[in-house]
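S.K.: You'll find target.txt just under this line, and it carries compact mmCIF, C-alpha atoms.
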# COMPACT_ATOMS: atom_id res chain seq x y z
CA MET A 140 0.00 0.00 0.00
CA ALA A 141 1.42 3.34 -1.00
CA VAL A 142 -0.13 5.34 1.79
CA GLY A 143 2.03 7.95 3.48
CA LYS A 144 5.23 7.11 1.64
CA GLU A 145 6.64 10.61 2.28
CA ILE A 146 5.89 10.29 5.96
CA ARG A 147 7.68 6.98 6.16
CA THR A 148 10.82 8.31 4.49
CA LYS A 149 10.74 11.33 6.76
CA ILE A 150 10.56 9.12 9.84
CA GLY A 151 13.49 7.13 8.46
CA SER A 152 15.65 10.20 7.96
CA ILE A 153 14.85 11.56 11.42
CA LYS A 154 15.79 8.20 12.90
CA ASN A 155 19.15 8.42 11.17
CA THR A 156 19.72 11.92 12.51
CA GLN A 157 18.81 10.69 15.95
CA LYS A 158 21.39 7.95 15.71
CA ILE A 159 24.05 10.54 14.91
CA THR A 160 23.09 12.89 17.72
CA ARG A 161 22.97 10.02 20.18
CA ALA A 162 26.45 8.90 19.15
CA MET A 163 27.75 12.46 19.47
CA GLU A 164 26.18 12.71 22.89
CA MET A 165 28.00 9.64 24.08
CA VAL A 166 31.31 10.74 22.59
CA ALA A 167 30.94 14.15 24.24
CA ALA A 168 30.12 12.52 27.57
CA SER A 169 33.29 10.48 27.61
CA LYS A 170 35.39 13.39 26.37
CA MET A 171 33.87 15.61 29.00
CA ARG A 172 35.03 13.28 31.74
CA LYS A 173 38.58 13.46 30.45
CA THR A 174 38.66 17.21 29.89
CA LYS A 175 37.10 17.76 33.29
CA GLU A 176 39.80 15.70 34.96
CA ARG A 177 42.42 17.74 33.17
CA MET A 178 40.75 20.95 34.25
CA LEU A 179 40.64 19.87 37.90
CA ALA A 180 44.25 18.72 37.76
CA THR A 181 45.57 22.10 36.62
CA ARG A 182 43.39 24.12 38.99
CA PRO A 183 45.67 23.94 42.07
CA TYR A 184 48.58 25.48 40.15
CA SER A 185 46.63 28.44 38.85
CA GLN A 186 44.99 28.95 42.24
CA LYS A 187 48.35 28.94 44.03
CA ILE A 188 49.99 31.29 41.56
CA GLY A 189 46.93 33.53 41.83
CA LYS A 190 47.43 33.63 45.58
CA ILE A 191 51.07 34.61 45.23
CA ILE A 192 50.10 37.38 42.85
CA LYS A 193 47.52 38.60 45.37
CA HIS A 194 50.20 38.75 48.05
CA LEU A 195 52.48 40.52 45.64
CA ALA A 196 49.85 43.14 44.84
CA HIS A 197 49.70 43.92 48.55
CA ALA A 198 53.46 44.09 49.01
CA ASN A 199 55.27 47.37 48.60
CA PRO A 200 57.97 46.58 46.09
CA GLU A 201 60.77 49.05 45.47
CA TYR A 202 60.86 47.95 41.86
CA LYS A 203 57.58 48.82 40.13
CA HIS A 204 56.95 46.27 37.42
CA SER A 205 54.93 47.69 34.52
CA PHE A 206 52.33 44.92 35.04
CA LEU A 207 51.46 46.39 38.41
CA VAL A 208 51.14 50.02 37.35
CA LYS A 209 47.82 51.44 36.19
CA ARG A 210 47.81 53.55 33.04
CA ASP A 211 45.26 55.74 31.28
CA VAL A 212 43.24 53.40 29.10
CA LYS A 213 43.21 54.26 25.41
CA ARG A 214 43.42 50.81 23.94
CA ILE A 215 42.52 47.44 25.39
CA GLY A 216 43.69 43.97 24.50
CA ILE A 217 41.46 40.95 24.94
CA ILE A 218 42.21 37.25 24.63
CA VAL A 219 39.08 35.31 23.69
CA VAL A 220 38.93 31.56 24.13
CA SER A 221 36.28 29.71 22.14
CA SER A 222 35.76 26.21 20.81
CA ASP A 223 36.94 25.04 17.40
CA ARG A 224 33.72 23.34 16.45
CA GLY A 225 30.06 24.15 16.67
CA LEU A 226 27.12 21.97 17.68
CA CYS A 227 27.62 22.81 21.30
CA GLY A 228 24.46 24.72 22.08
CA GLY A 229 24.68 28.38 22.96
CA LEU A 230 28.17 28.11 24.40
CA ASN A 231 29.99 30.33 21.93
CA SER A 232 27.11 32.66 21.16
CA ASN A 233 26.59 33.36 24.87
CA LEU A 234 30.25 34.19 25.18
CA PHE A 235 30.22 36.47 22.13
CA ARG A 236 27.09 38.22 23.35
CA LYS A 237 28.86 39.01 26.59
CA VAL A 238 31.88 40.30 24.68
CA LEU A 239 29.68 42.45 22.46
CA GLY A 240 28.06 44.07 25.49
CA GLN A 241 31.50 44.86 26.87
CA LEU A 242 32.71 46.14 23.48
CA ILE A 243 29.82 48.59 23.28
CA GLN A 244 30.71 49.94 26.71
CA TRP A 245 34.31 50.38 25.70
CA GLU A 246 33.28 52.01 22.45
CA LYS A 247 31.22 54.55 24.38
CA ALA A 248 34.27 55.31 26.50
CA GLY A 249 36.29 55.87 23.32
CA VAL A 250 38.54 52.88 23.88
CA GLU A 251 39.81 50.82 20.97
CA VAL A 252 40.16 47.07 21.20
CA ASP A 253 42.76 44.59 19.95
CA VAL A 254 41.87 40.90 19.99
CA CYS A 255 43.80 37.67 20.18
CA THR A 256 41.64 34.64 19.51
CA ILE A 257 42.07 31.04 20.53
CA GLY A 258 39.71 28.73 18.66
CA THR A 259 38.23 28.83 15.16
CA LYS A 260 34.82 30.14 16.23
CA ALA A 261 36.24 33.23 17.91
CA TYR A 262 38.44 33.96 14.89
CA GLY A 263 35.45 33.79 12.56
CA PHE A 264 33.42 36.04 14.80
CA PHE A 265 36.01 38.76 15.36
CA THR A 266 37.26 38.96 11.80
CA GLY A 267 33.66 39.56 10.75
CA LEU A 268 33.36 42.36 13.28
CA ASN A 269 34.66 45.75 12.18
CA LYS A 270 34.96 47.18 15.68
CA THR A 271 38.13 45.32 16.56
CA THR A 272 41.48 44.32 15.12
CA VAL A 273 42.61 40.74 15.40
CA ILE A 274 46.34 40.73 16.10
CA GLY A 275 46.89 37.10 16.99
CA HIS A 276 45.22 33.76 16.47
CA THR A 277 45.69 30.10 17.21
CA ALA A 278 43.32 27.16 16.85
CA LYS A 279 42.98 23.40 16.51
CA LEU A 280 44.74 22.67 19.79
CA GLY A 281 42.84 19.45 20.38
CA ASP A 282 41.45 18.11 23.62
CA SER A 283 44.74 18.11 25.48
CA PRO A 284 46.27 21.48 24.66
CA HIS A 285 49.84 22.18 25.68
CA LEU A 286 51.00 25.38 27.30
CA ASN A 287 53.50 25.86 24.47
CA ASP A 288 50.60 26.14 22.00
CA ILE A 289 49.31 29.37 23.47
CA ILE A 290 52.58 31.05 24.45
CA GLY A 291 52.74 32.76 21.04
CA VAL A 292 49.35 34.41 21.42
CA ILE A 293 50.16 35.53 24.93
CA LYS A 294 53.50 36.92 23.87
CA VAL A 295 51.85 39.06 21.20
CA MET A 296 49.68 40.61 23.88
CA LEU A 297 52.43 41.01 26.46
CA ASP A 298 54.70 42.67 23.90
CA ALA A 299 51.88 45.03 22.99
CA TYR A 300 51.48 45.81 26.67
CA TYR A 301 55.21 46.39 27.22
CA SER A 302 55.40 48.69 24.22
CA GLY A 303 52.39 50.67 25.42
CA GLN A 304 50.22 49.72 22.46
CA ILE A 305 47.57 48.42 24.84
CA ASP A 306 46.95 49.63 28.38
CA GLU A 307 44.82 46.81 29.73
CA LEU A 308 44.56 43.10 29.05
CA HIS A 309 41.46 41.00 29.63
CA ALA A 310 40.85 37.29 29.20
CA ILE A 311 37.43 36.04 28.14
CA SER A 312 36.38 32.43 28.35
CA ASN A 313 33.73 30.10 29.68
CA GLU A 314 33.91 29.02 33.28
CA PHE A 315 32.84 25.47 34.07
CA VAL A 316 30.27 25.64 36.87
CA ASN A 317 28.76 22.21 36.37
CA THR A 318 27.63 20.02 33.50
CA MET A 319 24.47 22.03 32.93
CA THR A 320 25.89 25.51 33.50
CA GLN A 321 28.76 27.27 31.80
CA ARG A 322 29.32 30.90 32.64
CA PRO A 323 31.06 33.34 30.29
CA THR A 324 33.55 35.38 32.30
CA ILE A 325 35.72 38.41 31.66
CA GLU A 326 38.80 38.70 33.81
CA GLN A 327 41.26 41.55 33.91
CA LEU A 328 44.81 40.25 33.66
CA LEU A 329 46.81 43.45 33.34
CA PRO A 330 47.46 45.63 35.15
CA ILE A 331 47.11 43.26 38.06
CA VAL A 332 44.32 44.30 40.38
CA ALA A 333 44.71 43.98 44.12
CA HIS A 334 41.75 41.86 45.19
CA GLU A 335 40.58 41.53 48.74
CA LEU A 336 42.68 39.05 50.65
CA ASP A 337 41.04 36.09 52.36
CA GLU A 338 43.79 35.81 54.92
CA GLN A 339 45.51 38.27 57.18
CA LEU A 340 48.77 39.68 55.93
CA SER A 341 50.66 42.04 58.15
CA SER A 342 49.39 45.51 57.43
CA ARG A 343 52.70 47.20 58.04
CA HIS A 344 55.00 48.16 55.20
CA TRP A 345 56.66 45.01 53.90
CA ASP A 346 58.27 43.64 50.79
CA TYR A 347 59.67 40.38 49.56
CA ILE A 348 63.29 39.47 49.47
CA TYR A 349 63.96 38.78 45.80
CA GLU A 350 66.62 36.35 44.68
CA PRO A 351 68.51 37.00 42.47
CA ASP A 352 66.85 40.38 41.85
CA ALA A 353 63.36 41.81 41.71
CA LYS A 354 63.15 42.44 37.98
CA GLU A 355 64.14 38.95 36.88
CA VAL A 356 61.98 37.14 39.39
CA LEU A 357 58.94 39.33 38.80
CA ASP A 358 59.24 39.08 35.02
CA HIS A 359 59.31 35.33 35.31
CA LEU A 360 56.53 35.12 37.87
CA LEU A 361 54.13 37.53 36.16
CA THR A 362 54.58 35.97 32.73
CA ARG A 363 53.94 32.58 34.29
CA TYR A 364 50.84 33.96 35.97
CA ILE A 365 49.33 35.28 32.75
CA GLU A 366 50.16 32.04 30.95
CA SER A 367 48.63 29.91 33.65
CA ILE A 368 45.40 31.93 33.72
CA VAL A 369 44.95 31.78 29.96
CA TYR A 370 45.84 28.09 29.95
CA GLN A 371 43.36 27.40 32.72
CA GLY A 372 40.75 29.32 30.71
CA LEU A 373 41.50 27.17 27.69
CA VAL A 374 41.29 23.89 29.57
CA GLU A 375 38.11 25.00 31.26
CA ASN A 376 36.61 26.08 27.96
CA ASN A 377 37.35 22.62 26.59
CA ALA A 378 35.45 20.98 29.41
CA CYS A 379 32.62 23.48 28.86
CA GLU A 380 32.51 22.67 25.16
CA GLN A 381 32.10 18.94 25.77
CA ALA A 382 29.53 19.46 28.49
CA ALA A 383 27.53 21.88 26.35
CA ARG A 384 27.71 19.54 23.38
CA MET A 385 26.56 16.63 25.47
CA VAL A 386 23.53 18.57 26.72
CA ALA A 387 22.74 19.95 23.26
CA MET A 388 22.95 16.53 21.66
CA LYS A 389 20.84 14.99 24.38
CA SER A 390 18.06 17.49 23.79
CA ALA A 391 18.42 17.00 20.02
CA SER A 392 17.96 13.23 20.46
CA ASP A 393 14.93 13.81 22.68
CA ASN A 394 13.42 16.21 20.17
CA ALA A 395 13.96 13.74 17.38
CA GLY A 396 12.16 11.12 19.48
CA ASN A 397 9.16 13.42 19.93
CA LEU A 398 9.09 14.24 16.25
CA ILE A 399 9.12 10.57 15.33
CA LYS A 400 6.24 9.92 17.73
CA GLU A 401 4.14 12.67 16.17
CA LEU A 402 4.87 11.57 12.63
CA GLN A 403 4.10 7.97 13.51
CA LEU A 404 0.71 9.11 14.79
CA ILE A 405 -0.03 11.03 11.60
CA TYR A 406 1.10 8.08 9.53
CA ASN A 407 -1.15 5.65 11.43
CA LYS A 408 -4.12 7.96 11.06
CA ALA A 409 -3.57 8.30 7.33
CA ARG A 410 -3.27 4.54 6.94
CA GLN A 411 -6.42 3.96 8.95
CA ALA A 412 -8.32 6.54 6.90
CA ALA A 413 -7.18 4.89 3.67
CA ILE A 414 -8.31 1.45 4.84
CA THR A 415 -11.68 2.78 6.01
CA GLN A 416 -12.17 4.47 2.68
CA GLU A 417 -11.32 1.32 0.78
CA ILE A 418 -13.73 -0.78 2.83
CA SER A 419 -16.53 1.72 2.38
CA GLU A 420 -15.85 1.76 -1.34
CA ILE A 421 -16.09 -2.05 -1.48
CA VAL A 422 -19.24 -2.07 0.65
CA ALA A 423 -20.80 0.63 -1.53
CA GLY A 424 -19.84 -1.36 -4.64
CA ALA A 425 -21.40 -4.56 -3.23
CA ALA A 426 -24.59 -2.71 -2.28
CA ALA A 427 -24.90 -1.35 -5.83
CA VAL A 428 -24.73 -4.86 -7.22
CA MET B 187 55.60 21.23 70.24
CA THR B 188 57.83 22.46 67.48
CA MET B 189 56.71 25.23 65.17
CA THR B 190 55.45 24.21 61.77
CA VAL B 191 54.76 25.97 58.50
CA HIS B 192 52.21 25.08 55.85
CA VAL B 193 53.75 23.85 52.60
CA ASP B 194 52.08 23.52 49.20
CA ILE B 195 53.89 21.95 46.31
CA VAL B 196 52.04 22.08 43.01
CA SER B 197 53.14 21.33 39.49
CA ALA B 198 51.40 22.44 36.33
CA GLU B 199 49.71 19.02 36.19
CA LYS B 200 48.64 18.40 39.76
CA GLU B 201 48.97 19.05 43.45
CA ILE B 202 51.92 17.11 44.82
CA PHE B 203 52.06 17.90 48.50
CA SER B 204 50.09 19.95 50.95
CA GLY B 205 50.63 19.87 54.69
CA LEU B 206 52.61 21.09 57.68
CA ALA B 207 56.37 20.85 57.93
CA GLU B 208 59.15 21.75 60.33
CA MET B 209 61.63 22.66 57.66
CA ILE B 210 61.90 22.73 53.89
CA PHE B 211 65.01 22.50 51.75
CA ALA B 212 64.86 23.86 48.23
CA PRO B 213 67.42 24.40 45.44
CA ALA B 214 67.11 28.15 44.92
CA GLU B 215 68.93 29.83 42.08
CA LEU B 216 71.54 31.33 44.37
CA GLY B 217 72.09 28.15 46.37
CA GLU B 218 70.24 25.74 48.58
CA LEU B 219 67.69 27.28 50.93
CA GLY B 220 66.65 25.89 54.28
CA ILE B 221 63.32 27.36 55.28
CA THR B 222 62.02 27.29 58.83
CA PRO B 223 58.67 28.62 60.07
CA ARG B 224 58.32 32.41 60.26
CA HIS B 225 60.85 33.00 57.52
CA ALA B 226 60.82 36.51 56.03
CA PRO B 227 58.76 36.90 52.82
CA LEU B 228 60.84 35.84 49.84
CA ILE B 229 60.37 35.03 46.16
CA THR B 230 62.95 33.17 44.13
CA ARG B 231 63.32 30.92 41.15
CA LEU B 232 64.30 27.30 41.68
CA ASN B 233 66.87 25.21 39.89
CA PRO B 234 66.24 21.60 38.96
CA GLY B 235 66.93 19.47 42.00
CA GLU B 236 65.63 18.02 45.18
CA VAL B 237 63.06 19.63 47.44
CA ARG B 238 62.95 18.02 50.85
CA VAL B 239 60.06 18.55 53.24
CA LYS B 240 60.88 17.64 56.84
CA VAL B 241 57.58 16.82 58.48
CA SER B 242 59.02 15.68 61.83
CA SER B 243 62.44 14.90 63.19
CA THR B 244 62.14 11.35 61.90
CA GLU B 245 60.08 11.77 58.74
CA SER B 246 60.83 13.70 55.58
CA TYR B 247 59.59 13.60 52.00
CA PRO B 248 61.92 14.17 49.06
CA PHE B 249 60.65 15.47 45.70
CA PHE B 250 62.33 16.10 42.43
CA ILE B 251 61.44 19.31 40.64
CA SER B 252 62.63 20.46 37.23
CA GLY B 253 62.68 24.11 38.15
CA GLY B 254 60.01 26.56 39.20
CA LEU B 255 59.20 29.29 41.66
CA LEU B 256 59.21 29.53 45.43
CA GLU B 257 57.22 31.95 47.53
CA ILE B 258 57.65 32.29 51.26
CA GLN B 259 55.18 33.97 53.57
CA PRO B 260 55.80 33.72 57.33
CA ASN B 261 53.29 30.89 57.67
CA VAL B 262 52.88 29.57 54.13
CA VAL B 263 55.46 28.23 51.72
CA THR B 264 54.38 27.69 48.13
CA ILE B 265 56.44 25.87 45.53
CA LEU B 266 55.28 26.15 41.93
CA ALA B 267 57.17 23.43 40.13
CA ASP B 268 57.34 23.07 36.37
CA THR B 269 57.14 19.35 36.96
CA ALA B 270 57.48 17.59 40.27
CA ILE B 271 57.86 13.92 41.08
CA ARG B 272 58.00 12.14 44.40
CA ALA B 273 61.54 10.85 44.71
CA LYS B 274 60.53 7.22 44.91
CA ASP B 275 58.59 7.58 41.63
CA ILE B 276 61.61 8.73 39.65
CA ASP B 277 62.11 6.30 36.86
CA GLU B 278 65.77 5.48 37.18
CA ALA B 279 66.10 3.81 33.82
CA ALA B 280 64.48 6.76 32.05
CA ALA B 281 66.71 9.20 33.89
CA ILE B 282 69.87 7.31 32.95
CA GLU B 283 68.73 7.07 29.35
CA ALA B 284 68.04 10.79 29.22
CA LYS B 285 71.48 11.47 30.67
CA VAL B 286 73.22 9.27 28.12
CA ARG B 287 71.29 10.83 25.27
CA ALA B 288 72.10 14.35 26.38
CA GLU B 289 75.78 13.45 26.75
CA GLU B 290 75.85 11.97 23.25
CA ILE B 291 74.34 15.09 21.77
CA LEU B 292 76.82 17.26 23.62
CA ALA B 293 79.76 15.10 22.54
CA ASP B 294 78.76 15.31 18.88
CA LYS B 295 80.18 18.71 18.12
CA ASN B 296 79.09 18.65 14.51
CA SER B 297 75.39 18.31 15.08
CA ARG B 298 73.30 21.38 14.73
CA ILE B 299 71.23 21.02 17.83
CA ASP B 300 70.70 23.55 20.48
CA TYR B 301 73.46 23.13 23.07
CA ALA B 302 71.68 25.07 25.75
CA SER B 303 68.66 22.79 25.76
CA ALA B 304 70.76 19.63 25.66
CA GLU B 305 72.82 20.87 28.56
CA LYS B 306 69.69 21.66 30.48
CA GLN B 307 68.36 18.17 29.86
CA LEU B 308 71.60 16.66 31.01
CA HIS B 309 71.54 18.74 34.16
CA GLN B 310 67.97 17.67 34.88
CA ALA B 311 68.75 14.00 34.40
CA ILE B 312 71.75 14.24 36.69
CA MET B 313 69.76 16.00 39.36
CA GLN B 314 67.04 13.35 39.14
CA LEU B 315 69.57 10.59 39.63
CA ARG B 316 71.20 12.41 42.50
CA THR B 317 67.86 12.88 44.23
CA LEU B 318 67.13 9.21 43.85
CA GLU B 319 70.56 8.23 45.16
CA ARG B 320 70.20 10.35 48.24
CA PHE B 321 66.75 8.99 48.80
CA ARG B 322 68.07 5.42 48.70
CA LYS B 323 70.97 6.22 51.01
CA ARG B 324 68.54 7.43 53.62
CA GLY B 325 66.91 4.03 53.36
CA GLY B 326 63.72 5.12 51.63
Could I get this structure in the form of structure tokens?

M.R.:
Amino acid sequence: MAVGKEIRTKIGSIKNTQKITRAMEMVAASKMRKTKERMLATRPYSQKIGKIIKHLAHANPEYKHSFLVKRDVKRIGIIVVSSDRGLCGGLNSNLFRKVLGQLIQWEKAGVEVDVCTIGTKAYGFFTGLNKTTVIGHTAKLGDSPHLNDIIGVIKVMLDAYYSGQIDELHAISNEFVNTMTQRPTIEQLLPIVAHELDEQLSSRHWDYIYEPDAKEVLDHLLTRYIESIVYQGLVENNACEQAARMVAMKSASDNAGNLIKELQLIYNKARQAAITQEISEIVAGAAAV
Amino acid sequence: MTMTVHVDIVSAEKEIFSGLAEMIFAPAELGELGITPRHAPLITRLNPGEVRVKVSSTESYPFFISGGLLEIQPNVVTILADTAIRAKDIDEAAAIEAKVRAEEILADKNSRIDYASAEKQLHQAIMQLRTLERFRKRGG
């Protein structure tokens, strides 16, 4: 019987799509576990170095490193971390929306913006935008990125900061809250801001002893700090990507299931109607004879 | 009750040690440092070598680090290691192999490799072996 042939093919194609989304969901779930582990493993380092930097911001160093000195802001540098691939729900678009809001604020204040992007999606977005200049880019770092992969991008920004081309540096990436929630965050890297301290440091005038000398140690430490924050952002963004993809693919599979159910219902109704019609035709024919 | 200081040793990959100690020995750039509680605030870079955390008069933990940073606050000591390994986990065979390889590269004057990095590798391998040796001598 040729009833509802289109409907049947449609159900078939949706079933195929569902198979794909289900497979992607499972792949993302297992990848998420791995990327999450990596994220948790690197957290202590970035937390500890963050703590040292906090202490440092409260010290009274004789040598004023340029990373610690506030300047008048005329131009800002941002490092944006995004995923390389799509199909991960609103992860990237939420992030870009947040950036856009910030960009508009900066534009109002008459501040220009330079961008370094990590990840294909961010590159595509910012090259299409005429408000900003992209001065550095890297992508396709895989699921286990290495610190060396992003040093180039960071160096571009740090050099720009040293030379006075930019006066502030911000890092923008997704923060992994839990599997369901990823929060886009903007963090100011340079100049280093003195946050509130959780613990009590002596309030009197104090400074570190630097070995061998302040400049060398601080250069090393501050560069490390920036690198570790951006790296942590990257690793966290990876975990976010997998989590978001898993959730997006799960809802896609569920939606496909609902769609199939509805179509099946329509198909059954059409078939039933066709049969009823045929019977009534036969009955009518018999009655006429 | 002896005074203790809180010590955190983290590497880029994971947290290695966190706890109280009576004294810490670390290979600072300008020579070995012995850190006791209430040390003055200090920041320095570390050379590859052995970090030893003395938890009590009888117990101490040795670690190998391949360089990093050290921060001292009067009651917290933080060591940010590039990589850190517990001394008993050092793979002796791998360390010896790395040493031999680095020596070969250094001996081959014609090759076009980067001497600085080879020398650094050699130094690291030697320090790893030395850490392990000392650890064994103490009967670990």

S.K.: Can you check which parts of chain A lie within 12 Å of chain B? Per residue, the shortest pair of atoms and distance in Å to one decimal, counting all atoms listed in the file, sorted by chain and number, as JSON lines.

M.R.:
{"residue": "A:Glu176", "atom": "CA", "partner": "B:Lys200", "partner_atom": "CA", "distance": 10.4}
{"residue": "A:Arg177", "atom": "CA", "partner": "B:Glu199", "partner_atom": "CA", "distance": 8.0}
{"residue": "A:Met178", "atom": "CA", "partner": "B:Glu199", "partner_atom": "CA", "distance": 9.4}
{"residue": "A:Leu179", "atom": "CA", "partner": "B:Lys200", "partner_atom": "CA", "distance": 8.3}
{"residue": "A:Ala180", "atom": "CA", "partner": "B:Lys200", "partner_atom": "CA", "distance": 4.8}
{"residue": "A:Thr181", "atom": "CA", "partner": "B:Glu199", "partner_atom": "CA", "distance": 5.2}
{"residue": "A:Arg182", "atom": "CA", "partner": "B:Lys200", "partner_atom": "CA", "distance": 7.8}
{"residue": "A:Pro183", "atom": "CA", "partner": "B:Glu201", "partner_atom": "CA", "distance": 6.1}
{"residue": "A:Tyr184", "atom": "CA", "partner": "B:Val196", "partner_atom": "CA", "distance": 5.6}
{"residue": "A:Ser185", "atom": "CA", "partner": "B:Ala198", "partner_atom": "CA", "distance": 8.1}
{"residue": "A:Gln186", "atom": "CA", "partner": "B:Val196", "partner_atom": "CA", "distance": 9.9}
{"residue": "A:Lys187", "atom": "CA", "partner": "B:Thr264", "partner_atom": "CA", "distance": 7.4}
{"residue": "A:Ile188", "atom": "CA", "partner": "B:Leu266", "partner_atom": "CA", "distance": 7.4}
{"residue": "A:Gly189", "atom": "CA", "partner": "B:Leu266", "partner_atom": "CA", "distance": 11.1}
{"residue": "A:Lys190", "atom": "CA", "partner": "B:Thr264", "partner_atom": "CA", "distance": 9.5}
{"residue": "A:Ile191", "atom": "CA", "partner": "B:Glu257", "partner_atom": "CA", "distance": 7.1}
{"residue": "A:Ile192", "atom": "CA", "partner": "B:Glu257", "partner_atom": "CA", "distance": 10.1}
{"residue": "A:Lys193", "atom": "CA", "partner": "B:Glu257", "partner_atom": "CA", "distance": 12.0}
{"residue": "A:His194", "atom": "CA", "partner": "B:Gln259", "partner_atom": "CA", "distance": 8.8}
{"residue": "A:Leu195", "atom": "CA", "partner": "B:Ile229", "partner_atom": "CA", "distance": 9.6}
{"residue": "A:Ala198", "atom": "CA", "partner": "B:Pro227", "partner_atom": "CA", "distance": 9.7}
{"residue": "A:Asn199", "atom": "CA", "partner": "B:Pro227", "partner_atom": "CA", "distance": 11.8}
{"residue": "A:Pro200", "atom": "CA", "partner": "B:Leu228", "partner_atom": "CA", "distance": 11.7}
{"residue": "A:Ser283", "atom": "CA", "partner": "B:Glu199", "partner_atom": "CA", "distance": 11.8}
{"residue": "A:His285", "atom": "CA", "partner": "B:Ala198", "partner_atom": "CA", "distance": 10.8}
{"residue": "A:Leu286", "atom": "CA", "partner": "B:Ala198", "partner_atom": "CA", "distance": 9.5}
{"residue": "A:Glu338", "atom": "CA", "partner": "B:Asn261", "partner_atom": "CA", "distance": 11.0}
{"residue": "A:Gln339", "atom": "CA", "partner": "B:Asn261", "partner_atom": "CA", "distance": 10.7}
{"residue": "A:Leu340", "atom": "CA", "partner": "B:Gln259", "partner_atom": "CA", "distance": 8.9}
{"residue": "A:Ser341", "atom": "CA", "partner": "B:Pro260", "partner_atom": "CA", "distance": 9.8}
{"residue": "A:Trp345", "atom": "CA", "partner": "B:Pro227", "partner_atom": "CA", "distance": 8.4}
{"residue": "A:Asp346", "atom": "CA", "partner": "B:Pro227", "partner_atom": "CA", "distance": 7.1}
{"residue": "A:Tyr347", "atom": "CA", "partner": "B:Leu228", "partner_atom": "CA", "distance": 4.7}
{"residue": "A:Ile348", "atom": "CA", "partner": "B:Leu228", "partner_atom": "CA", "distance": 4.4}
{"residue": "A:Tyr349", "atom": "CA", "partner": "B:Ile229", "partner_atom": "CA", "distance": 5.2}
{"residue": "A:Glu350", "atom": "CA", "partner": "B:Thr230", "partner_atom": "CA", "distance": 4.9}
{"residue": "A:Pro351", "atom": "CA", "partner": "B:Leu216", "partner_atom": "CA", "distance": 6.7}
{"residue": "A:Asp352", "atom": "CA", "partner": "B:Thr230", "partner_atom": "CA", "distance": 8.5}
{"residue": "A:Ala353", "atom": "CA", "partner": "B:Ile229", "partner_atom": "CA", "distance": 8.6}
{"residue": "A:Lys354", "atom": "CA", "partner": "B:Thr230", "partner_atom": "CA", "distance": 11.1}
{"residue": "A:Glu355", "atom": "CA", "partner": "B:Arg231", "partner_atom": "CA", "distance": 9.1}
{"residue": "A:Val356", "atom": "CA", "partner": "B:Thr230", "partner_atom": "CA", "distance": 6.3}
{"residue": "A:Leu357", "atom": "CA", "partner": "B:Ile229", "partner_atom": "CA", "distance": 8.6}
{"residue": "A:Asp358", "atom": "CA", "partner": "B:Arg231", "partner_atom": "CA", "distance": 11.0}
{"residue": "A:His359", "atom": "CA", "partner": "B:Arg231", "partner_atom": "CA", "distance": 8.3}
{"residue": "A:Leu360", "atom": "CA", "partner": "B:Leu255", "partner_atom": "CA", "distance": 7.4}
{"residue": "A:Leu361", "atom": "CA", "partner": "B:Leu255", "partner_atom": "CA", "distance": 11.1}
{"residue": "A:Arg363", "atom": "CA", "partner": "B:Leu255", "partner_atom": "CA", "distance": 9.6}
{"residue": "A:Tyr364", "atom": "CA", "partner": "B:Leu266", "partner_atom": "CA", "distance": 10.8}
{"residue": "A:Glu366", "atom": "CA", "partner": "B:Ala198", "partner_atom": "CA", "distance": 11.1}
{"residue": "A:Ser367", "atom": "CA", "partner": "B:Ala198", "partner_atom": "CA", "distance": 8.4}
{"residue": "A:Ile368", "atom": "CA", "partner": "B:Ala198", "partner_atom": "CA", "distance": 11.5}
{"residue": "A:Tyr370", "atom": "CA", "partner": "B:Ala198", "partner_atom": "CA", "distance": 10.2}
{"residue": "A:Gln371", "atom": "CA", "partner": "B:Ala198", "partner_atom": "CA", "distance": 10.1}
{"residue": "A:Val374", "atom": "CA", "partner": "B:Glu199", "partner_atom": "CA", "distance": 11.8}

S.K.: May I ask for the distance between CA of Ser204 in chain B and CA of His192 in chain B, given in Å to one decimal place?

M.R.: 7.4 Å

S.K.: When distances are computed from all atoms listed in the file, which of A:Asp306, A:Thr160, A:Glu326, A:Gly424 shows the smallest separation from Val208 in chain A?

M.R.: A:Asp306

S.K.: Name the residues in contact with Val193 in chain B at a cut-off of 9 Å, using all atoms listed in the file, excluding same-chain residues fewer than 4 positions from it; report them as a PyMOL selection string.

M.R.: chain B and resi 203-207+210+239+261-265

S.K.: Please provide as an NGL selection string all residues within 7 Å of Ala288 in chain B, with the sequence filter that same-chain residues fewer than 3 positions apart are discarded (counting all atoms listed in the file).

M.R.: :B and (284-285 or 291-292 or 304-305 or 307-308)

S.K.: Find, counting all atoms listed in the file, the residue in A:Lys260, A:Val219, A:Val212, A:Gly229 that gets nearest to Tyr300 in chain A.

M.R.: A:Val212

S.K.: By how many Å are CA of Arg410 in chain A and CA of Asn155 in chain A apart?

M.R.: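 Computing the Euclidean distance for CA of Arg410 in chain A and CA of Asn155 in chain A yields 23.1 Å.
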
S.K.: Nearest to Ser152 in chain A: which of A:Leu398, A:Arg322, A:Phe206, A:Gly267 is it, counting all atoms listed in the file?

M.R.: A:Leu398

S.K.: One decimal, Å: what's the distance from CA of Glu375 in chain A over to CA of Phe315 in chain A, could you say?

M.R.: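 Value for the CA of Glu375 in chain A-CA of Phe315 in chain A distance: 6.0 Å.
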
S.K.: Would you mind telling me which residue in B:Lys274, B:Gly253, B:Thr222, B:Met189 lies nearest to Thr317 in chain B when using all atoms listed in the file?

M.R.: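 Once distances to Thr317 in chain B are computed over all atoms listed in the file, the minimum belongs to B:Lys274.
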